[in-house]
Amino acid sequence: MNLSWIFGSSMEAHHLLWAYLSVWLIQGGYCAWIAWQWMHTPKSSAADDPTVSANPED
Amino acid sequence: MQRSRILGPVGVVWFLLTIGVIAYATRLALLIAPTEATMGNVQRIFYYHVPTSMLSLLFPYVNFAASLCYLYWRRRDPLKALTADAWAITSAEVTVVYASICLWTGMLWGRAAWGIWWTWDARLTSMLLLWLLYVSYLMLRKLSSTGQTHTLAAVLSVFAAIDVPIVYMSIQWWRTQHPAPVFGGGPDSGLDKSMYPAFIFNIVGWAMWGILLLCFRYALERRRQAREQDAALKAIEASLELAK
């Protein structure tokens, strides 16, 4: 069986193609958004140095 | 530091494994599984629609458990409460992603199979309500600026979780437009044996992907929390300097 039917002009072919493409787009888009946020959120200084205390009195 | 050194490579291996399973599952769904007799090829939407729908009813329970933990720990142990809160927002976002896919692929299937995009059927309406509840949860967290935002969101999450069993049982309690349950829906329910591999690989693949998203988003939230604590600490130090 080949995939040529999925690129046909029938409604079922369009809807099947859209269903699969949109799932990849939504999931991939969300994952890419997390990755982008991850790269633009610098690590805290406390995370680099575990000896830093949260208590300024220490 | 040690833990992050190990988690990085584990995450990459998990990601590659997940992509492999989803690619194989998609191949099974589109090329190997037989064409369904009455609906034809459009039935192949089922292999994405049903696994994501099932998973969209599991992630709200992570949110529910995390919110209960947050409510319990918020005064007793604020550090544990922060961890629970990170899991809560993470699982709410993943729920919205999976529920959106469930609704959208269901509409595409419905238009081709029933001739309509939408109907106010019990399953569709309760699922839309679930989606709206988790979108409102995220909006509340994003837009509210009171000091009680996290507590209010946790309470909303407890109410939102009540909708999950209603969505699950809706097709048994009210027989309307949506098809009966594929599994455990009576003598005529079930899948043909030749369709099981595509279904099982898709549910495993999308579950692995969901776990990956949960862990990655959780790590991001923890990093944000650490940044916020840093900023608060610097503000306290600055005010102490001024007071001297």
# chains A, B, ... in the order shown; residues from 1 in each chain; ligands from 1
>>> closest_atom_pairs(of="chain B", to="chain A", cutoff="6 Å", atoms="only C-alpha atoms", output="JSON lines")
{"residue": "B:Val42", "atom": "CA", "partner": "A:Glu12", "partner_atom": "CA", "distance": 5.2}
{"residue": "B:Thr105", "atom": "CA", "partner": "A:Ala19", "partner_atom": "CA", "distance": 5.4}
{"residue": "B:Leu108", "atom": "CA", "partner": "A:His15", "partner_atom": "CA", "distance": 5.6}
{"residue": "B:Ala112", "atom": "CA", "partner": "A:Glu12", "partner_atom": "CA", "distance": 5.8}
{"residue": "B:Leu220", "atom": "CA", "partner": "A:Trp38", "partner_atom": "CA", "distance": 5.8}
{"residue": "B:Ala226", "atom": "CA", "partner": "A:Ser44", "partner_atom": "CA", "distance": 5.8}
{"residue": "B:Arg227", "atom": "CA", "partner": "A:Ser44", "partner_atom": "CA", "distance": 5.1}
>>> residues_around(residues="stretch 94-96 of chain B", least_positions_apart="2", cutoff="10 Å", atoms="only C-alpha atoms", output="PyMOL selection string")
(chain A and resi 27+30) or (chain B and resi 52-53+55-63+89-92+98-102+130-135+138+210-211+213-214+217)
>>> residues_around(residues="stretch 142-152 of chain B", least_positions_apart="5", cutoff="9 Å", atoms="only C-alpha atoms", output="compact mmCIF listing (two decimals) with N, CA and C atoms, in the first residue's frame")
# COMPACT_ATOMS: atom_id res chain seq x y z
N SER B 67 -2.30 19.58 42.85
CA SER B 67 -3.02 20.69 43.48
C SER B 67 -3.38 20.36 44.92
N TYR B 70 -0.29 20.73 46.85
CA TYR B 70 0.01 22.14 47.05
C TYR B 70 -0.83 22.69 48.21
N LEU B 71 -2.14 22.40 48.20
CA LEU B 71 -3.03 22.92 49.25
C LEU B 71 -2.61 22.40 50.63
N ARG B 74 1.12 24.13 51.44
CA ARG B 74 1.41 25.55 51.25
C ARG B 74 1.78 26.27 52.54
N ASP B 85 3.30 22.77 42.95
CA ASP B 85 2.75 23.80 42.07
C ASP B 85 3.34 23.71 40.66
N TYR B 137 -8.08 27.67 33.98
CA TYR B 137 -7.05 27.47 35.01
C TYR B 137 -5.75 28.19 34.61
N SER B 157 -8.68 23.60 40.15
CA SER B 157 -8.23 22.31 39.61
C SER B 157 -8.98 21.14 40.23
>>> select_by_dssp(residues="stretch 26-193 of chain B", states="helix (DSSP H, G or I)", output="ChimeraX atom specification")
/B:26-32,41-56,59-76,78-113,122-143,149-161,163-173,193
>>> write_last_selection(atoms="C-alpha atoms", output="short mmCIF file (atom, residue, chain, number, x, y, z; two decimals), in the first residue's frame")
data_model
loop_
_atom_site.label_atom_id
_atom_site.label_comp_id
_atom_site.auth_asym_id
_atom_site.auth_seq_id
_atom_site.Cartn_x
_atom_site.Cartn_y
_atom_site.Cartn_z
CA THR B 26 2.27 6.39 12.28
CA ARG B 27 3.57 4.03 9.60
CA LEU B 28 1.41 1.25 11.05
CA ALA B 29 -1.64 3.54 11.19
CA LEU B 30 -1.32 4.92 7.66
CA LEU B 31 0.20 2.05 5.71
CA ILE B 32 -0.17 -1.28 7.50
CA ASN B 41 -9.52 5.67 5.16
CA VAL B 42 -10.89 8.48 7.33
CA GLN B 43 -11.16 5.92 10.13
CA ARG B 44 -7.33 6.11 10.39
CA ILE B 45 -7.83 9.36 12.36
CA PHE B 46 -8.89 6.94 15.13
CA TYR B 47 -5.23 5.91 15.70
CA TYR B 48 -4.33 9.46 16.77
CA HIS B 49 -7.71 10.57 18.13
CA VAL B 50 -8.37 7.77 20.64
CA PRO B 51 -4.87 7.58 22.26
CA THR B 52 -4.68 11.38 22.69
CA SER B 53 -8.26 11.43 24.05
CA MET B 54 -7.46 8.71 26.58
CA LEU B 55 -4.30 10.52 27.67
CA SER B 56 -6.16 13.84 27.93
CA PHE B 59 -3.09 14.21 32.79
CA PRO B 60 -5.85 16.06 34.74
CA TYR B 61 -5.28 13.57 37.57
CA VAL B 62 -1.62 14.62 37.78
CA ASN B 63 -2.89 18.18 38.05
CA PHE B 64 -5.48 17.14 40.65
CA ALA B 65 -2.94 15.26 42.83
CA ALA B 66 -0.39 18.10 42.54
CA SER B 67 -3.02 20.69 43.48
CA LEU B 68 -4.09 18.69 46.54
CA CYS B 69 -0.43 18.40 47.58
CA TYR B 70 0.01 22.14 47.05
CA LEU B 71 -3.03 22.92 49.25
CA TYR B 72 -1.71 20.58 51.95
CA TRP B 73 1.87 21.84 51.92
CA ARG B 74 1.41 25.55 51.25
CA ARG B 75 1.63 26.45 54.96
CA ARG B 76 3.36 23.32 56.29
CA PRO B 78 6.52 25.91 51.25
CA LEU B 79 9.39 24.25 49.33
CA LYS B 80 7.38 21.07 48.76
CA ALA B 81 4.39 23.26 47.85
CA LEU B 82 6.49 24.94 45.13
CA THR B 83 7.38 21.53 43.69
CA ALA B 84 3.70 20.50 43.69
CA ASP B 85 2.75 23.80 42.07
CA ALA B 86 5.28 23.23 39.26
CA TRP B 87 3.72 19.81 38.57
CA ALA B 88 0.24 21.37 38.64
CA ILE B 89 0.88 24.03 35.96
CA THR B 90 2.88 21.54 33.87
CA SER B 91 0.10 18.94 33.80
CA ALA B 92 -2.59 21.59 33.13
CA GLU B 93 -0.73 22.74 30.01
CA VAL B 94 -0.20 19.20 28.75
CA THR B 95 -3.91 18.49 29.40
CA VAL B 96 -4.89 21.49 27.24
CA VAL B 97 -2.56 20.32 24.43
CA TYR B 98 -3.96 16.77 24.41
CA ALA B 99 -7.60 17.89 24.86
CA SER B 100 -7.22 20.39 21.98
CA ILE B 101 -5.97 17.59 19.72
CA CYS B 102 -8.82 15.34 20.86
CA LEU B 103 -11.43 17.99 19.99
CA TRP B 104 -9.81 19.02 16.70
CA THR B 105 -9.23 15.49 15.32
CA GLY B 106 -12.74 14.55 16.49
CA MET B 107 -14.19 17.46 14.50
CA LEU B 108 -12.23 16.46 11.38
CA TRP B 109 -13.48 12.90 11.75
CA GLY B 110 -17.07 14.03 12.47
CA ARG B 111 -17.27 16.24 9.38
CA ALA B 112 -16.17 13.36 7.14
CA ALA B 113 -18.19 10.63 8.90
CA ALA B 122 -22.89 14.54 25.79
CA ARG B 123 -19.31 13.38 25.10
CA LEU B 124 -18.39 16.36 22.92
CA THR B 125 -19.94 18.89 25.30
CA SER B 126 -18.34 17.43 28.44
CA MET B 127 -14.96 17.29 26.65
CA LEU B 128 -15.30 20.91 25.55
CA LEU B 129 -16.14 21.80 29.16
CA LEU B 130 -12.99 19.99 30.34
CA TRP B 131 -10.91 21.95 27.82
CA LEU B 132 -12.51 25.24 28.94
CA LEU B 133 -11.87 24.44 32.61
CA TYR B 134 -8.15 23.87 32.04
CA VAL B 135 -7.85 26.89 29.75
CA SER B 136 -9.50 29.00 32.49
CA TYR B 137 -7.05 27.47 35.01
CA LEU B 138 -4.11 28.62 32.88
CA MET B 139 -5.70 32.05 32.26
CA LEU B 140 -6.22 32.49 36.00
CA ARG B 141 -2.57 31.71 36.69
CA LYS B 142 -1.39 33.97 33.89
CA LEU B 143 -3.62 37.01 34.48
CA THR B 149 -3.48 33.03 42.71
CA HIS B 150 -1.84 29.64 43.24
CA THR B 151 -4.32 28.68 45.95
CA LEU B 152 -7.32 29.77 43.83
CA ALA B 153 -5.93 27.83 40.85
CA ALA B 154 -5.46 24.72 43.01
CA VAL B 155 -9.09 24.92 44.18
CA LEU B 156 -10.28 25.36 40.58
CA SER B 157 -8.23 22.31 39.61
CA VAL B 158 -10.02 20.18 42.21
CA PHE B 159 -13.38 21.17 40.69
CA ALA B 160 -12.09 20.66 37.13
CA ALA B 161 -11.08 17.07 37.97
CA ASP B 163 -15.47 16.62 34.97
CA VAL B 164 -13.02 13.84 34.02
CA PRO B 165 -15.18 10.84 35.11
CA ILE B 166 -18.21 12.57 33.57
CA VAL B 167 -16.40 12.78 30.21
CA TYR B 168 -15.33 9.14 30.50
CA MET B 169 -18.79 7.82 31.42
CA SER B 170 -20.79 10.14 29.14
CA ILE B 171 -20.93 7.67 26.24
CA GLN B 172 -22.26 4.96 28.57
CA TRP B 173 -24.73 7.14 30.49
CA LYS B 193 -7.03 -7.99 15.68
#
>>> decode(residues="stretch 12-33 of chain A", atoms="N, CA and C atoms", output="PDB file, in the first residue's frame")
ATOM      1  N   GLU A  12     -12.291  12.940   2.673  1.00  0.00           N
ATOM      2  CA  GLU A  12     -11.677  12.051   3.662  1.00  0.00           C
ATOM      3  C   GLU A  12     -10.150  12.107   3.602  1.00  0.00           C
ATOM      4  N   ALA A  13      -9.609  12.260   2.384  1.00  0.00           N
ATOM      5  CA  ALA A  13      -8.155  12.368   2.247  1.00  0.00           C
ATOM      6  C   ALA A  13      -7.662  13.669   2.877  1.00  0.00           C
ATOM      7  N   HIS A  14      -8.383  14.775   2.603  1.00  0.00           N
ATOM      8  CA  HIS A  14      -7.996  16.077   3.181  1.00  0.00           C
ATOM      9  C   HIS A  14      -8.034  16.038   4.704  1.00  0.00           C
ATOM     10  N   HIS A  15      -9.128  15.477   5.235  1.00  0.00           N
ATOM     11  CA  HIS A  15      -9.299  15.484   6.689  1.00  0.00           C
ATOM     12  C   HIS A  15      -8.280  14.590   7.382  1.00  0.00           C
ATOM     13  N   LEU A  16      -7.975  13.460   6.758  1.00  0.00           N
ATOM     14  CA  LEU A  16      -6.969  12.568   7.338  1.00  0.00           C
ATOM     15  C   LEU A  16      -5.594  13.241   7.350  1.00  0.00           C
ATOM     16  N   LEU A  17      -5.253  13.879   6.237  1.00  0.00           N
ATOM     17  CA  LEU A  17      -3.968  14.578   6.130  1.00  0.00           C
ATOM     18  C   LEU A  17      -3.883  15.701   7.167  1.00  0.00           C
ATOM     19  N   TRP A  18      -4.964  16.476   7.272  1.00  0.00           N
ATOM     20  CA  TRP A  18      -4.998  17.586   8.226  1.00  0.00           C
ATOM     21  C   TRP A  18      -4.906  17.090   9.664  1.00  0.00           C
ATOM     22  N   ALA A  19      -5.588  15.991   9.950  1.00  0.00           N
ATOM     23  CA  ALA A  19      -5.573  15.456  11.318  1.00  0.00           C
ATOM     24  C   ALA A  19      -4.138  15.116  11.723  1.00  0.00           C
ATOM     25  N   TYR A  20      -3.436  14.377  10.860  1.00  0.00           N
ATOM     26  CA  TYR A  20      -2.073  13.958  11.205  1.00  0.00           C
ATOM     27  C   TYR A  20      -1.115  15.155  11.254  1.00  0.00           C
ATOM     28  N   LEU A  21      -1.234  16.053  10.250  1.00  0.00           N
ATOM     29  CA  LEU A  21      -0.335  17.218  10.225  1.00  0.00           C
ATOM     30  C   LEU A  21      -0.554  18.120  11.427  1.00  0.00           C
ATOM     31  N   SER A  22      -1.836  18.342  11.771  1.00  0.00           N
ATOM     32  CA  SER A  22      -2.107  19.270  12.881  1.00  0.00           C
ATOM     33  C   SER A  22      -1.645  18.699  14.217  1.00  0.00           C
ATOM     34  N   VAL A  23      -1.715  17.383  14.377  1.00  0.00           N
ATOM     35  CA  VAL A  23      -1.213  16.779  15.624  1.00  0.00           C
ATOM     36  C   VAL A  23       0.299  17.034  15.740  1.00  0.00           C
ATOM     37  N   TRP A  24       1.020  16.806  14.647  1.00  0.00           N
ATOM     38  CA  TRP A  24       2.479  17.046  14.685  1.00  0.00           C
ATOM     39  C   TRP A  24       2.774  18.526  14.932  1.00  0.00           C
ATOM     40  N   LEU A  25       1.986  19.408  14.299  1.00  0.00           N
ATOM     41  CA  LEU A  25       2.209  20.848  14.466  1.00  0.00           C
ATOM     42  C   LEU A  25       1.956  21.295  15.899  1.00  0.00           C
ATOM     43  N   ILE A  26       0.835  20.853  16.483  1.00  0.00           N
ATOM     44  CA  ILE A  26       0.487  21.274  17.853  1.00  0.00           C
ATOM     45  C   ILE A  26       1.518  20.728  18.851  1.00  0.00           C
ATOM     46  N   GLN A  27       1.806  19.428  18.736  1.00  0.00           N
ATOM     47  CA  GLN A  27       2.758  18.825  19.688  1.00  0.00           C
ATOM     48  C   GLN A  27       4.170  19.384  19.493  1.00  0.00           C
ATOM     49  N   GLY A  28       4.585  19.485  18.238  1.00  0.00           N
ATOM     50  CA  GLY A  28       5.922  20.020  17.943  1.00  0.00           C
ATOM     51  C   GLY A  28       6.026  21.476  18.342  1.00  0.00           C
ATOM     52  N   GLY A  29       4.958  22.242  18.091  1.00  0.00           N
ATOM     53  CA  GLY A  29       4.942  23.664  18.439  1.00  0.00           C
ATOM     54  C   GLY A  29       5.057  23.864  19.936  1.00  0.00           C
ATOM     55  N   TYR A  30       4.333  23.064  20.697  1.00  0.00           N
ATOM     56  CA  TYR A  30       4.389  23.196  22.167  1.00  0.00           C
ATOM     57  C   TYR A  30       5.792  22.834  22.675  1.00  0.00           C
ATOM     58  N   CYS A  31       6.351  21.752  22.131  1.00  0.00           N
ATOM     59  CA  CYS A  31       7.696  21.330  22.545  1.00  0.00           C
ATOM     60  C   CYS A  31       8.727  22.417  22.181  1.00  0.00           C
ATOM     61  N   ALA A  32       8.572  23.012  20.987  1.00  0.00           N
ATOM     62  CA  ALA A  32       9.487  24.071  20.558  1.00  0.00           C
ATOM     63  C   ALA A  32       9.346  25.295  21.468  1.00  0.00           C
ATOM     64  N   TRP A  33       8.118  25.606  21.885  1.00  0.00           N
ATOM     65  CA  TRP A  33       7.889  26.751  22.797  1.00  0.00           C
ATOM     66  C   TRP A  33       8.609  26.511  24.138  1.00  0.00           C
TER      67      TRP A  33
END
